[in-house]
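One structure below.
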Amino acid sequence: KSLNPRLAMDRCVVRPVPRCRDGFSCEYSRIVSQGMASIARSFAETQHPGQPTMARMTSDFWDSWTSLYGHFETAAKAANFTGGQFFPDLDMLPLGWVSPYEEQARYSKLTLAEARSLMTLMVMARAPLMWGGAASEERANATTVGLLSNTEVLGVARSSCLNRQLRRDSDDVAIWAAQGQSPQDKFLAFINLGENVTSAEVDLSDPGIPGAALPWPAKAGRYVARDLWLGIDFPVTGGKVVARLLPHSALLLRIRPAPGAIDLLVA
């Protein structure tokens with residue numbers, strides 16, 4: 001469940017519930033987690049003011065889409081207080097060779113599309129990237145290494161700010177946006193959480209996009225969108241970005257002025 005590190009312990013109420021794993025009740029585990037997150041944040045701000053802080057926002061999750069699904073709502077809520085000095089811990093990345101609790105070790109059950117959706121959420125939410133798989137050469141295959149070493153994707157977490165969920169459409173597409181390192185540099189992410197092929201679009205004049213408004217977004221040839229997973233550029237036409245998404249897939253884009261248009265934008 002979503003955990004808010006700003007919850008105070010006195011707002012939690014203990015009720016008898018069935019016993020959970022390891023002999024603890026699920027309600028007890030939830031309350032302790034909330035309390036620890038709140039205490040950890042307060043302690044860090046008191047003892048180390050101005051220093052980066054991290055708080056756990058979720059329970060453990062492993063390599064299934066069902067387990068990952070709830071992270072999207074949690075990350076969207078965490079974005080309300082995520083900033084330069086606070087990072088939401090969404091747990092480790094169950095990619096490659098993993099060893100889930102009380103299960104036989106195996107390669108992750110997440111498909112490539114689902115793994116990219118996970119990484120897309122993590123970098124757009126600016127969550128700490130902690131790999132929960134085996135790092136040996138025998139186990140870390142090319143697919144896993146590709147997911148964890150795409151410099152353009154990883155760069156989103158380092159070079160973005162004001163990250164937030166722009167909206168979540170009725171067909172279960174989560175759309176995130178963030179400001180880049182310059183006013184005309186934006187990041188957009190489309191993630192299809194549903195079970196059907198669908199389409200979504202974002203108007204670059206949308207006031208919900210973080211940072212300064214893009215000048216002349218509808219002018220032909222002013223902006224290009226770069227698919228950060230595939231490393232491909234394509235022009236933005238009509239001031240809108242349209243994504244067609246397979247189930248559980250993601251599109252991660254960097255929007256920037258087209259070559260030759262920078263001088264015009266500055267002028």
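Each chain in the structure tokens gets a letter, A, B and so on, in the order shown; residues start at 1 in every chain, and ligands are counted from 1 in the order they appear.
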
Worksheet item: Which residues, written as a VMD selection string, have at least one atom at most 6 Å from range 59-73 of chain A, with only C-alpha atoms counted and residues fewer than 6 positions away on the same chain left out?
Response: chain A and resid 94 108 to 110

Residues within 6 Å of Gly180 in chain A, please, as a PyMOL selection string. Count only C-alpha atoms; anything in the same chain fewer than 5 positions from it doesn't count.
chain A and resi 159-160+185-186

*Considering only C-alpha atoms, return as a PyMOL selection string whatever protein or nucleic-acid residues lie within 12 Å of Glu137 in chain A, sequence-local ones (same chain, fewer than 6 positions apart) excluded.*
chain A and resi 96-97+144-145

In Å, with one decimal, what is the gap from CA of Pro210 in chain A to CA of Met92 in chain A?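 It comes out at 27.3 Å.
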
- If you run DSSP on this backbone, which residues of range 24-266 of chain A come out as alpha helix (DSSP H), and could you give them as an MDAnalysis selection string? chainID A and resid 26:47 65:78 112:124 142:149 151:159 262:266

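Once Ala177 in chain A and its same-chain neighbours fewer than 5 positions away are set aside, Asn163, Arg164, Leu166, Phe187, Leu188 and Ile209 of chain A remain within 6 Å of it when counting only C-alpha atoms.
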
Per-residue DSSP, range 39-262 of chain A, filtered to strand (DSSP E), as a compact mmCIF listing (two decimals) with all heavy atoms, in the first residue's frame:
```
# COMPACT_ATOMS: atom_id res chain seq x y z
N THR A 53 17.55 13.20 1.50
CA THR A 53 16.82 12.29 2.37
C THR A 53 16.06 11.29 1.52
O THR A 53 15.54 11.64 0.46
CB THR A 53 15.82 13.07 3.25
OG1 THR A 53 16.52 14.06 3.98
CG2 THR A 53 15.11 12.15 4.22
N MET A 54 15.97 10.07 1.98
CA MET A 54 15.22 9.03 1.29
C MET A 54 14.29 8.37 2.28
O MET A 54 14.66 8.14 3.43
CB MET A 54 16.19 8.00 0.69
CG MET A 54 15.51 6.84 -0.01
SD MET A 54 16.71 5.67 -0.72
CE MET A 54 17.31 4.87 0.77
N ALA A 55 13.06 8.06 1.84
CA ALA A 55 12.10 7.36 2.69
C ALA A 55 11.44 6.26 1.89
O ALA A 55 11.07 6.45 0.73
CB ALA A 55 11.05 8.32 3.25
N ARG A 56 11.30 5.12 2.51
CA ARG A 56 10.65 3.97 1.86
C ARG A 56 9.17 4.26 1.68
O ARG A 56 8.47 4.62 2.63
CB ARG A 56 10.87 2.72 2.69
CG ARG A 56 10.27 1.45 2.08
CD ARG A 56 11.00 1.03 0.82
NE ARG A 56 10.51 -0.23 0.31
CZ ARG A 56 11.02 -1.41 0.63
NH1 ARG A 56 12.05 -1.49 1.46
NH2 ARG A 56 10.52 -2.52 0.12
N PHE A 86 14.79 15.34 -1.41
CA PHE A 86 14.04 14.18 -0.96
C PHE A 86 13.77 13.24 -2.13
O PHE A 86 13.37 13.69 -3.21
CB PHE A 86 12.71 14.57 -0.31
CG PHE A 86 11.89 13.37 0.10
CD1 PHE A 86 12.25 12.64 1.22
CD2 PHE A 86 10.81 12.97 -0.66
CE1 PHE A 86 11.52 11.51 1.57
CE2 PHE A 86 10.07 11.85 -0.30
CZ PHE A 86 10.43 11.12 0.82
N PHE A 87 14.01 11.95 -1.90
CA PHE A 87 13.84 10.96 -2.95
C PHE A 87 12.97 9.82 -2.44
O PHE A 87 13.23 9.28 -1.36
CB PHE A 87 15.21 10.42 -3.39
CG PHE A 87 16.14 11.49 -3.88
CD1 PHE A 87 16.98 12.16 -3.00
CD2 PHE A 87 16.14 11.85 -5.22
CE1 PHE A 87 17.82 13.17 -3.44
CE2 PHE A 87 16.99 12.84 -5.68
CZ PHE A 87 17.82 13.51 -4.79
N PRO A 88 11.92 9.43 -3.19
CA PRO A 88 11.04 8.35 -2.74
C PRO A 88 11.63 6.98 -3.05
O PRO A 88 11.92 6.66 -4.21
CB PRO A 88 9.77 8.61 -3.56
CG PRO A 88 10.28 9.22 -4.83
CD PRO A 88 11.49 10.03 -4.46
N ASP A 89 11.79 6.15 -2.05
CA ASP A 89 12.31 4.81 -2.23
C ASP A 89 11.16 3.89 -2.64
O ASP A 89 10.27 3.60 -1.85
CB ASP A 89 12.96 4.34 -0.93
CG ASP A 89 13.50 2.91 -1.02
OD1 ASP A 89 13.42 2.33 -2.12
OD2 ASP A 89 13.99 2.40 0.00
N TRP A 97 18.70 -11.82 -12.86
CA TRP A 97 18.62 -13.01 -12.01
C TRP A 97 18.25 -12.58 -10.60
O TRP A 97 18.99 -11.87 -9.95
CB TRP A 97 19.96 -13.73 -12.01
CG TRP A 97 19.94 -15.06 -11.30
CD1 TRP A 97 20.37 -15.30 -10.03
CD2 TRP A 97 19.50 -16.31 -11.81
NE1 TRP A 97 20.21 -16.62 -9.70
CE2 TRP A 97 19.68 -17.28 -10.78
CE3 TRP A 97 18.95 -16.72 -13.03
CZ2 TRP A 97 19.35 -18.62 -10.95
CZ3 TRP A 97 18.62 -18.06 -13.20
CH2 TRP A 97 18.81 -19.00 -12.17
N VAL A 98 17.07 -12.99 -10.13
CA VAL A 98 16.56 -12.54 -8.84
C VAL A 98 16.28 -13.74 -7.94
O VAL A 98 16.09 -14.88 -8.41
CB VAL A 98 15.28 -11.69 -9.00
CG1 VAL A 98 15.58 -10.41 -9.75
CG2 VAL A 98 14.18 -12.48 -9.71
N ARG A 106 15.66 -17.22 -10.13
CA ARG A 106 15.26 -17.30 -11.54
C ARG A 106 15.52 -15.97 -12.22
O ARG A 106 15.85 -14.98 -11.57
CB ARG A 106 13.77 -17.62 -11.61
CG ARG A 106 12.92 -16.55 -10.93
CD ARG A 106 11.45 -16.70 -11.22
NE ARG A 106 10.69 -15.61 -10.65
CZ ARG A 106 10.12 -15.62 -9.44
NH1 ARG A 106 10.26 -16.69 -8.67
NH2 ARG A 106 9.44 -14.59 -9.00
N TYR A 107 15.35 -15.96 -13.53
CA TYR A 107 15.38 -14.70 -14.24
C TYR A 107 14.03 -14.00 -14.04
O TYR A 107 12.99 -14.65 -13.91
CB TYR A 107 15.66 -14.89 -15.73
CG TYR A 107 17.13 -15.07 -16.03
CD1 TYR A 107 17.64 -16.31 -16.37
CD2 TYR A 107 18.00 -13.99 -15.94
CE1 TYR A 107 18.99 -16.47 -16.62
CE2 TYR A 107 19.35 -14.14 -16.19
CZ TYR A 107 19.84 -15.39 -16.53
OH TYR A 107 21.18 -15.54 -16.77
N CYS A 161 13.69 18.03 -13.05
CA CYS A 161 13.14 18.56 -11.79
C CYS A 161 11.66 18.81 -11.98
O CYS A 161 11.13 18.76 -13.09
CB CYS A 161 13.88 19.85 -11.39
SG CYS A 161 13.69 21.21 -12.56
N LEU A 162 10.99 19.08 -10.87
CA LEU A 162 9.54 19.34 -10.86
C LEU A 162 8.76 18.15 -11.44
O LEU A 162 7.69 18.32 -12.01
CB LEU A 162 9.21 20.62 -11.63
CG LEU A 162 9.94 21.89 -11.19
CD1 LEU A 162 9.57 23.06 -12.10
CD2 LEU A 162 9.62 22.21 -9.74
N ASN A 163 9.31 16.97 -11.27
CA ASN A 163 8.70 15.76 -11.84
C ASN A 163 7.35 15.49 -11.21
O ASN A 163 7.20 15.54 -9.99
CB ASN A 163 9.63 14.57 -11.62
CG ASN A 163 11.04 14.81 -12.11
OD1 ASN A 163 11.65 15.83 -11.78
ND2 ASN A 163 11.58 13.89 -12.87
N ARG A 164 6.39 15.14 -12.05
CA ARG A 164 5.06 14.85 -11.52
C ARG A 164 4.24 14.07 -12.55
O ARG A 164 4.55 14.09 -13.74
CB ARG A 164 4.32 16.12 -11.17
CG ARG A 164 3.93 16.99 -12.38
CD ARG A 164 3.28 18.29 -11.95
NE ARG A 164 4.21 19.16 -11.30
CZ ARG A 164 4.34 20.46 -11.58
NH1 ARG A 164 3.58 21.01 -12.50
NH2 ARG A 164 5.20 21.21 -10.94
N GLN A 165 3.20 13.41 -12.05
CA GLN A 165 2.25 12.78 -12.96
C GLN A 165 1.34 13.87 -13.51
O GLN A 165 0.66 14.56 -12.76
CB GLN A 165 1.43 11.71 -12.25
CG GLN A 165 0.43 11.01 -13.16
CD GLN A 165 -0.29 9.87 -12.48
OE1 GLN A 165 0.24 8.77 -12.36
NE2 GLN A 165 -1.51 10.11 -12.04
N LEU A 166 1.33 14.01 -14.81
CA LEU A 166 0.50 15.02 -15.45
C LEU A 166 -0.97 14.64 -15.37
O LEU A 166 -1.83 15.46 -15.06
CB LEU A 166 0.95 15.19 -16.91
CG LEU A 166 0.35 16.33 -17.71
CD1 LEU A 166 0.72 17.67 -17.09
CD2 LEU A 166 0.85 16.27 -19.16
N ARG A 167 -1.25 13.37 -15.64
CA ARG A 167 -2.62 12.85 -15.51
C ARG A 167 -2.58 11.34 -15.65
O ARG A 167 -1.57 10.76 -16.05
CB ARG A 167 -3.55 13.46 -16.55
CG ARG A 167 -3.27 13.04 -17.98
CD ARG A 167 -4.33 13.59 -18.94
NE ARG A 167 -4.23 13.00 -20.27
CZ ARG A 167 -3.54 13.51 -21.27
NH1 ARG A 167 -2.86 14.64 -21.10
NH2 ARG A 167 -3.50 12.90 -22.44
N ARG A 168 -3.68 10.71 -15.29
CA ARG A 168 -3.87 9.28 -15.52
C ARG A 168 -5.19 9.12 -16.24
O ARG A 168 -6.27 9.38 -15.68
CB ARG A 168 -3.85 8.51 -14.21
CG ARG A 168 -3.89 6.99 -14.40
CD ARG A 168 -3.30 6.30 -13.20
NE ARG A 168 -3.54 4.87 -13.21
CZ ARG A 168 -3.04 4.03 -12.31
NH1 ARG A 168 -2.27 4.50 -11.33
NH2 ARG A 168 -3.29 2.74 -12.38
N VAL A 173 -3.66 4.94 -18.69
CA VAL A 173 -2.36 5.40 -19.15
C VAL A 173 -1.88 6.49 -18.20
O VAL A 173 -2.57 7.49 -18.01
CB VAL A 173 -2.42 5.95 -20.59
CG1 VAL A 173 -1.06 6.54 -20.99
CG2 VAL A 173 -2.81 4.86 -21.56
N ALA A 174 -0.75 6.26 -17.58
CA ALA A 174 -0.15 7.25 -16.69
C ALA A 174 0.81 8.11 -17.51
O ALA A 174 1.67 7.59 -18.22
CB ALA A 174 0.60 6.58 -15.55
N ILE A 175 0.64 9.42 -17.42
CA ILE A 175 1.47 10.35 -18.18
C ILE A 175 2.22 11.25 -17.20
O ILE A 175 1.61 11.93 -16.37
CB ILE A 175 0.63 11.20 -19.14
CG1 ILE A 175 -0.16 10.30 -20.09
CG2 ILE A 175 1.50 12.18 -19.92
CD1 ILE A 175 -1.11 11.04 -21.01
N TRP A 176 3.54 11.22 -17.29
CA TRP A 176 4.41 12.01 -16.43
C TRP A 176 5.10 13.09 -17.24
O TRP A 176 5.31 12.95 -18.45
CB TRP A 176 5.46 11.12 -15.78
CG TRP A 176 4.97 10.35 -14.59
CD1 TRP A 176 4.08 9.33 -14.59
CD2 TRP A 176 5.36 10.55 -13.22
NE1 TRP A 176 3.87 8.87 -13.31
CE2 TRP A 176 4.66 9.59 -12.45
CE3 TRP A 176 6.24 11.41 -12.59
CZ2 TRP A 176 4.80 9.49 -11.07
CZ3 TRP A 176 6.40 11.31 -11.21
CH2 TRP A 176 5.68 10.37 -10.47
N ALA A 177 5.45 14.19 -16.56
CA ALA A 177 6.18 15.28 -17.21
C ALA A 177 7.19 15.85 -16.23
O ALA A 177 7.02 15.78 -15.01
CB ALA A 177 5.21 16.37 -17.67
N ALA A 178 8.25 16.43 -16.77
CA ALA A 178 9.29 17.03 -15.94
C ALA A 178 10.01 18.10 -16.72
O ALA A 178 10.01 18.11 -17.97
CB ALA A 178 10.29 15.97 -15.47
N GLN A 179 10.61 19.03 -16.00
CA GLN A 179 11.43 20.08 -16.58
C GLN A 179 12.86 19.57 -16.74
O GLN A 179 13.39 18.88 -15.86
CB GLN A 179 11.42 21.31 -15.67
CG GLN A 179 12.40 22.41 -16.05
CD GLN A 179 12.01 23.09 -17.34
OE1 GLN A 179 10.92 23.61 -17.47
NE2 GLN A 179 12.91 23.06 -18.31
N LYS A 186 12.11 19.46 -21.98
CA LYS A 186 11.08 18.78 -21.18
C LYS A 186 11.22 17.27 -21.35
O LYS A 186 11.74 16.78 -22.35
CB LYS A 186 9.68 19.20 -21.62
CG LYS A 186 9.44 20.69 -21.71
CD LYS A 186 9.37 21.37 -20.36
CE LYS A 186 9.01 22.85 -20.51
NZ LYS A 186 9.00 23.56 -19.22
N PHE A 187 10.72 16.55 -20.35
CA PHE A 187 10.63 15.10 -20.43
C PHE A 187 9.17 14.69 -20.32
O PHE A 187 8.44 15.22 -19.48
CB PHE A 187 11.44 14.43 -19.32
CG PHE A 187 12.93 14.64 -19.44
CD1 PHE A 187 13.56 15.57 -18.63
CD2 PHE A 187 13.68 13.93 -20.35
CE1 PHE A 187 14.93 15.78 -18.72
CE2 PHE A 187 15.04 14.13 -20.46
CZ PHE A 187 15.68 15.05 -19.65
N LEU A 188 8.76 13.74 -21.14
CA LEU A 188 7.41 13.19 -21.09
C LEU A 188 7.50 11.67 -21.05
O LEU A 188 8.34 11.07 -21.73
CB LEU A 188 6.59 13.60 -22.32
CG LEU A 188 6.16 15.05 -22.45
CD1 LEU A 188 5.43 15.26 -23.78
CD2 LEU A 188 5.25 15.46 -21.30
N ALA A 189 6.63 11.06 -20.27
CA ALA A 189 6.57 9.60 -20.22
C ALA A 189 5.12 9.16 -20.31
O ALA A 189 4.24 9.70 -19.62
CB ALA A 189 7.20 9.08 -18.93
N PHE A 190 4.86 8.19 -21.17
CA PHE A 190 3.56 7.56 -21.31
C PHE A 190 3.71 6.10 -20.90
O PHE A 190 4.56 5.38 -21.44
CB PHE A 190 3.07 7.61 -22.76
CG PHE A 190 2.93 8.99 -23.34
CD1 PHE A 190 4.05 9.68 -23.80
CD2 PHE A 190 1.69 9.58 -23.46
CE1 PHE A 190 3.93 10.94 -24.36
CE2 PHE A 190 1.55 10.85 -24.02
CZ PHE A 190 2.67 11.52 -24.47
N ILE A 191 2.90 5.63 -19.96
CA ILE A 191 2.98 4.25 -19.50
C ILE A 191 1.58 3.64 -19.52
O ILE A 191 0.68 4.12 -18.83
CB ILE A 191 3.57 4.16 -18.08
CG1 ILE A 191 4.90 4.92 -18.00
CG2 ILE A 191 3.78 2.69 -17.68
CD1 ILE A 191 5.44 5.07 -16.59
N ASN A 192 1.41 2.61 -20.32
CA ASN A 192 0.12 1.94 -20.43
C ASN A 192 0.01 0.86 -19.36
O ASN A 192 0.63 -0.20 -19.46
CB ASN A 192 -0.03 1.33 -21.82
CG ASN A 192 -1.38 0.65 -22.02
OD1 ASN A 192 -2.27 0.72 -21.17
ND2 ASN A 192 -1.55 -0.03 -23.15
N THR A 198 -3.59 1.03 -26.74
CA THR A 198 -4.28 2.30 -26.62
C THR A 198 -3.38 3.44 -27.10
O THR A 198 -2.18 3.24 -27.36
CB THR A 198 -4.71 2.57 -25.16
OG1 THR A 198 -5.57 3.70 -25.11
CG2 THR A 198 -3.50 2.81 -24.26
N SER A 199 -3.95 4.61 -27.21
CA SER A 199 -3.21 5.80 -27.62
C SER A 199 -3.45 6.92 -26.61
O SER A 199 -4.48 6.96 -25.94
CB SER A 199 -3.65 6.26 -29.02
OG SER A 199 -3.36 5.29 -29.99
N ALA A 200 -2.48 7.81 -26.53
CA ALA A 200 -2.60 8.97 -25.64
C ALA A 200 -1.83 10.12 -26.27
O ALA A 200 -0.91 9.91 -27.07
CB ALA A 200 -2.06 8.66 -24.25
N GLU A 201 -2.20 11.33 -25.92
CA GLU A 201 -1.49 12.48 -26.46
C GLU A 201 -1.34 13.56 -25.41
O GLU A 201 -2.11 13.65 -24.45
CB GLU A 201 -2.19 13.05 -27.70
CG GLU A 201 -3.50 13.74 -27.44
CD GLU A 201 -4.09 14.38 -28.70
OE1 GLU A 201 -3.93 13.80 -29.79
OE2 GLU A 201 -4.70 15.46 -28.58
N VAL A 202 -0.33 14.38 -25.61
CA VAL A 202 -0.09 15.53 -24.74
C VAL A 202 0.12 16.75 -25.63
O VAL A 202 0.93 16.72 -26.57
CB VAL A 202 1.15 15.32 -23.84
CG1 VAL A 202 1.55 16.63 -23.16
CG2 VAL A 202 0.87 14.25 -22.79
N ASP A 203 -0.62 17.81 -25.34
CA ASP A 203 -0.43 19.09 -26.01
C ASP A 203 0.71 19.82 -25.30
O ASP A 203 0.67 20.01 -24.08
CB ASP A 203 -1.72 19.90 -25.94
CG ASP A 203 -1.70 21.10 -26.87
OD1 ASP A 203 -0.65 21.78 -26.94
OD2 ASP A 203 -2.73 21.38 -27.50
N TYR A 223 10.22 21.86 -32.56
CA TYR A 223 10.65 20.92 -31.54
C TYR A 223 10.78 19.51 -32.11
O TYR A 223 10.11 19.14 -33.08
CB TYR A 223 9.65 20.90 -30.37
CG TYR A 223 9.58 22.22 -29.64
CD1 TYR A 223 8.61 23.16 -29.97
CD2 TYR A 223 10.49 22.54 -28.64
CE1 TYR A 223 8.55 24.39 -29.32
CE2 TYR A 223 10.44 23.75 -27.99
CZ TYR A 223 9.47 24.68 -28.34
OH TYR A 223 9.43 25.89 -27.69
N VAL A 224 11.66 18.74 -31.48
CA VAL A 224 11.79 17.32 -31.79
C VAL A 224 11.60 16.53 -30.50
O VAL A 224 11.87 17.02 -29.40
CB VAL A 224 13.16 16.98 -32.42
CG1 VAL A 224 13.30 17.63 -33.77
CG2 VAL A 224 14.29 17.36 -31.49
N ALA A 225 11.12 15.32 -30.66
CA ALA A 225 10.98 14.39 -29.54
C ALA A 225 11.96 13.24 -29.74
O ALA A 225 12.05 12.69 -30.85
CB ALA A 225 9.55 13.87 -29.45
N ARG A 226 12.69 12.92 -28.70
CA ARG A 226 13.64 11.81 -28.78
C ARG A 226 13.15 10.66 -27.91
O ARG A 226 12.93 10.84 -26.71
CB ARG A 226 15.03 12.24 -28.34
CG ARG A 226 16.09 11.13 -28.46
CD ARG A 226 17.49 11.67 -28.27
NE ARG A 226 18.51 10.63 -28.40
CZ ARG A 226 18.99 10.17 -29.54
NH1 ARG A 226 18.51 10.64 -30.69
NH2 ARG A 226 19.92 9.24 -29.58
N ASP A 227 12.99 9.50 -28.54
CA ASP A 227 12.66 8.28 -27.81
C ASP A 227 13.93 7.82 -27.10
O ASP A 227 14.88 7.37 -27.75
CB ASP A 227 12.16 7.22 -28.79
CG ASP A 227 11.68 5.94 -28.10
OD1 ASP A 227 12.27 5.57 -27.07
OD2 ASP A 227 10.75 5.31 -28.61
N ILE A 232 15.90 7.41 -30.96
CA ILE A 232 15.41 7.89 -32.25
C ILE A 232 14.72 9.24 -32.06
O ILE A 232 13.93 9.43 -31.13
CB ILE A 232 14.41 6.88 -32.85
CG1 ILE A 232 15.11 5.54 -33.12
CG2 ILE A 232 13.79 7.42 -34.13
CD1 ILE A 232 14.17 4.44 -33.57
N ASP A 233 15.01 10.19 -32.97
CA ASP A 233 14.35 11.50 -32.98
C ASP A 233 13.21 11.50 -33.99
O ASP A 233 13.31 10.89 -35.06
CB ASP A 233 15.34 12.61 -33.35
CG ASP A 233 16.39 12.85 -32.28
OD1 ASP A 233 16.10 12.58 -31.11
OD2 ASP A 233 17.49 13.30 -32.63
N PHE A 234 12.14 12.22 -33.64
CA PHE A 234 11.08 12.44 -34.62
C PHE A 234 10.48 13.82 -34.37
O PHE A 234 10.48 14.32 -33.23
CB PHE A 234 10.00 11.35 -34.55
CG PHE A 234 9.33 11.18 -33.22
CD1 PHE A 234 8.18 11.89 -32.89
CD2 PHE A 234 9.84 10.29 -32.28
CE1 PHE A 234 7.56 11.72 -31.66
CE2 PHE A 234 9.22 10.11 -31.04
CZ PHE A 234 8.08 10.83 -30.74
N PRO A 235 9.99 14.49 -35.43
CA PRO A 235 9.48 15.86 -35.27
C PRO A 235 8.16 15.90 -34.53
O PRO A 235 7.36 14.96 -34.59
CB PRO A 235 9.33 16.34 -36.71
CG PRO A 235 9.10 15.08 -37.50
CD PRO A 235 9.93 14.02 -36.82
N LYS A 240 1.63 18.72 -30.63
CA LYS A 240 1.15 17.60 -29.81
C LYS A 240 2.06 16.39 -29.98
O LYS A 240 2.61 16.15 -31.07
CB LYS A 240 -0.29 17.22 -30.20
CG LYS A 240 -1.31 18.32 -29.90
CD LYS A 240 -2.71 17.86 -30.25
CE LYS A 240 -3.73 18.96 -29.93
NZ LYS A 240 -5.12 18.53 -30.24
N VAL A 241 2.18 15.64 -28.91
CA VAL A 241 2.92 14.38 -28.93
C VAL A 241 1.90 13.26 -28.75
O VAL A 241 1.15 13.25 -27.78
CB VAL A 241 3.98 14.32 -27.81
CG1 VAL A 241 4.67 12.97 -27.81
CG2 VAL A 241 5.00 15.44 -27.98
N VAL A 242 1.91 12.33 -29.69
CA VAL A 242 0.95 11.22 -29.66
C VAL A 242 1.72 9.92 -29.46
O VAL A 242 2.73 9.67 -30.12
CB VAL A 242 0.13 11.15 -30.96
CG1 VAL A 242 -0.87 10.00 -30.91
CG2 VAL A 242 -0.60 12.48 -31.19
N ALA A 243 1.23 9.09 -28.54
CA ALA A 243 1.86 7.81 -28.26
C ALA A 243 0.87 6.68 -28.48
O ALA A 243 -0.28 6.77 -28.03
CB ALA A 243 2.37 7.77 -26.82
N ARG A 244 1.29 5.66 -29.19
CA ARG A 244 0.49 4.44 -29.33
C ARG A 244 1.21 3.36 -28.53
O ARG A 244 2.38 3.07 -28.77
CB ARG A 244 0.35 4.04 -30.79
CG ARG A 244 -0.52 2.79 -30.98
CD ARG A 244 -0.90 2.58 -32.43
NE ARG A 244 -1.61 1.33 -32.65
CZ ARG A 244 -2.90 1.12 -32.39
NH1 ARG A 244 -3.62 2.09 -31.87
NH2 ARG A 244 -3.47 -0.03 -32.64
N LEU A 245 0.49 2.76 -27.58
CA LEU A 245 1.14 1.93 -26.57
C LEU A 245 0.54 0.52 -26.51
O LEU A 245 -0.69 0.36 -26.43
CB LEU A 245 0.99 2.58 -25.19
CG LEU A 245 1.57 3.99 -25.05
CD1 LEU A 245 0.97 4.68 -23.85
CD2 LEU A 245 3.08 3.93 -24.94
N ALA A 250 5.86 1.40 -22.32
CA ALA A 250 6.13 2.80 -21.98
C ALA A 250 6.84 3.50 -23.14
O ALA A 250 7.56 2.87 -23.92
CB ALA A 250 6.98 2.90 -20.72
N LEU A 251 6.63 4.79 -23.21
CA LEU A 251 7.35 5.66 -24.14
C LEU A 251 7.94 6.79 -23.31
O LEU A 251 7.23 7.51 -22.63
CB LEU A 251 6.40 6.22 -25.21
CG LEU A 251 7.00 7.20 -26.22
CD1 LEU A 251 8.08 6.52 -27.06
CD2 LEU A 251 5.91 7.79 -27.11
N LEU A 252 9.26 6.93 -23.36
CA LEU A 252 9.97 7.96 -22.60
C LEU A 252 10.61 8.92 -23.59
O LEU A 252 11.44 8.52 -24.41
CB LEU A 252 11.02 7.32 -21.70
CG LEU A 252 11.87 8.27 -20.84
CD1 LEU A 252 11.01 9.10 -19.90
CD2 LEU A 252 12.90 7.46 -20.04
N LEU A 253 10.24 10.20 -23.50
CA LEU A 253 10.66 11.19 -24.49
C LEU A 253 11.36 12.38 -23.86
O LEU A 253 11.02 12.79 -22.74
CB LEU A 253 9.44 11.72 -25.26
CG LEU A 253 8.57 10.70 -26.01
CD1 LEU A 253 7.34 11.41 -26.57
CD2 LEU A 253 9.36 10.02 -27.12
N ARG A 254 12.30 12.91 -24.59
CA ARG A 254 12.87 14.22 -24.29
C ARG A 254 12.42 15.17 -25.38
O ARG A 254 12.64 14.92 -26.56
CB ARG A 254 14.39 14.16 -24.23
CG ARG A 254 15.03 15.52 -23.95
CD ARG A 254 16.54 15.47 -24.06
NE ARG A 254 17.12 16.79 -23.90
CZ ARG A 254 18.40 17.08 -24.17
NH1 ARG A 254 19.23 16.14 -24.60
NH2 ARG A 254 18.84 18.31 -24.01
N ILE A 255 11.79 16.26 -25.00
CA ILE A 255 11.33 17.28 -25.94
C ILE A 255 12.33 18.43 -25.90
O ILE A 255 12.62 18.98 -24.83
CB ILE A 255 9.92 17.80 -25.59
CG1 ILE A 255 8.95 16.62 -25.36
CG2 ILE A 255 9.42 18.74 -26.66
CD1 ILE A 255 8.73 15.75 -26.57
N ARG A 256 12.83 18.83 -27.05
CA ARG A 256 13.81 19.92 -27.10
C ARG A 256 13.68 20.66 -28.43
O ARG A 256 13.08 20.14 -29.38
CB ARG A 256 15.22 19.38 -26.92
CG ARG A 256 15.73 18.54 -28.05
CD ARG A 256 17.09 17.93 -27.71
NE ARG A 256 17.75 17.34 -28.86
CZ ARG A 256 17.47 16.14 -29.37
NH1 ARG A 256 16.52 15.41 -28.81
NH2 ARG A 256 18.12 15.68 -30.41
N PRO A 257 14.25 21.88 -28.51
CA PRO A 257 14.19 22.60 -29.78
C PRO A 257 14.88 21.82 -30.90
O PRO A 257 15.91 21.18 -30.68
CB PRO A 257 14.94 23.90 -29.48
CG PRO A 257 14.83 24.06 -28.00
CD PRO A 257 14.86 22.68 -27.44
```

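The two atoms in question, CA of Arg126 in chain A and CA of Gly231 in chain A, are spaced 20.8 Å apart.
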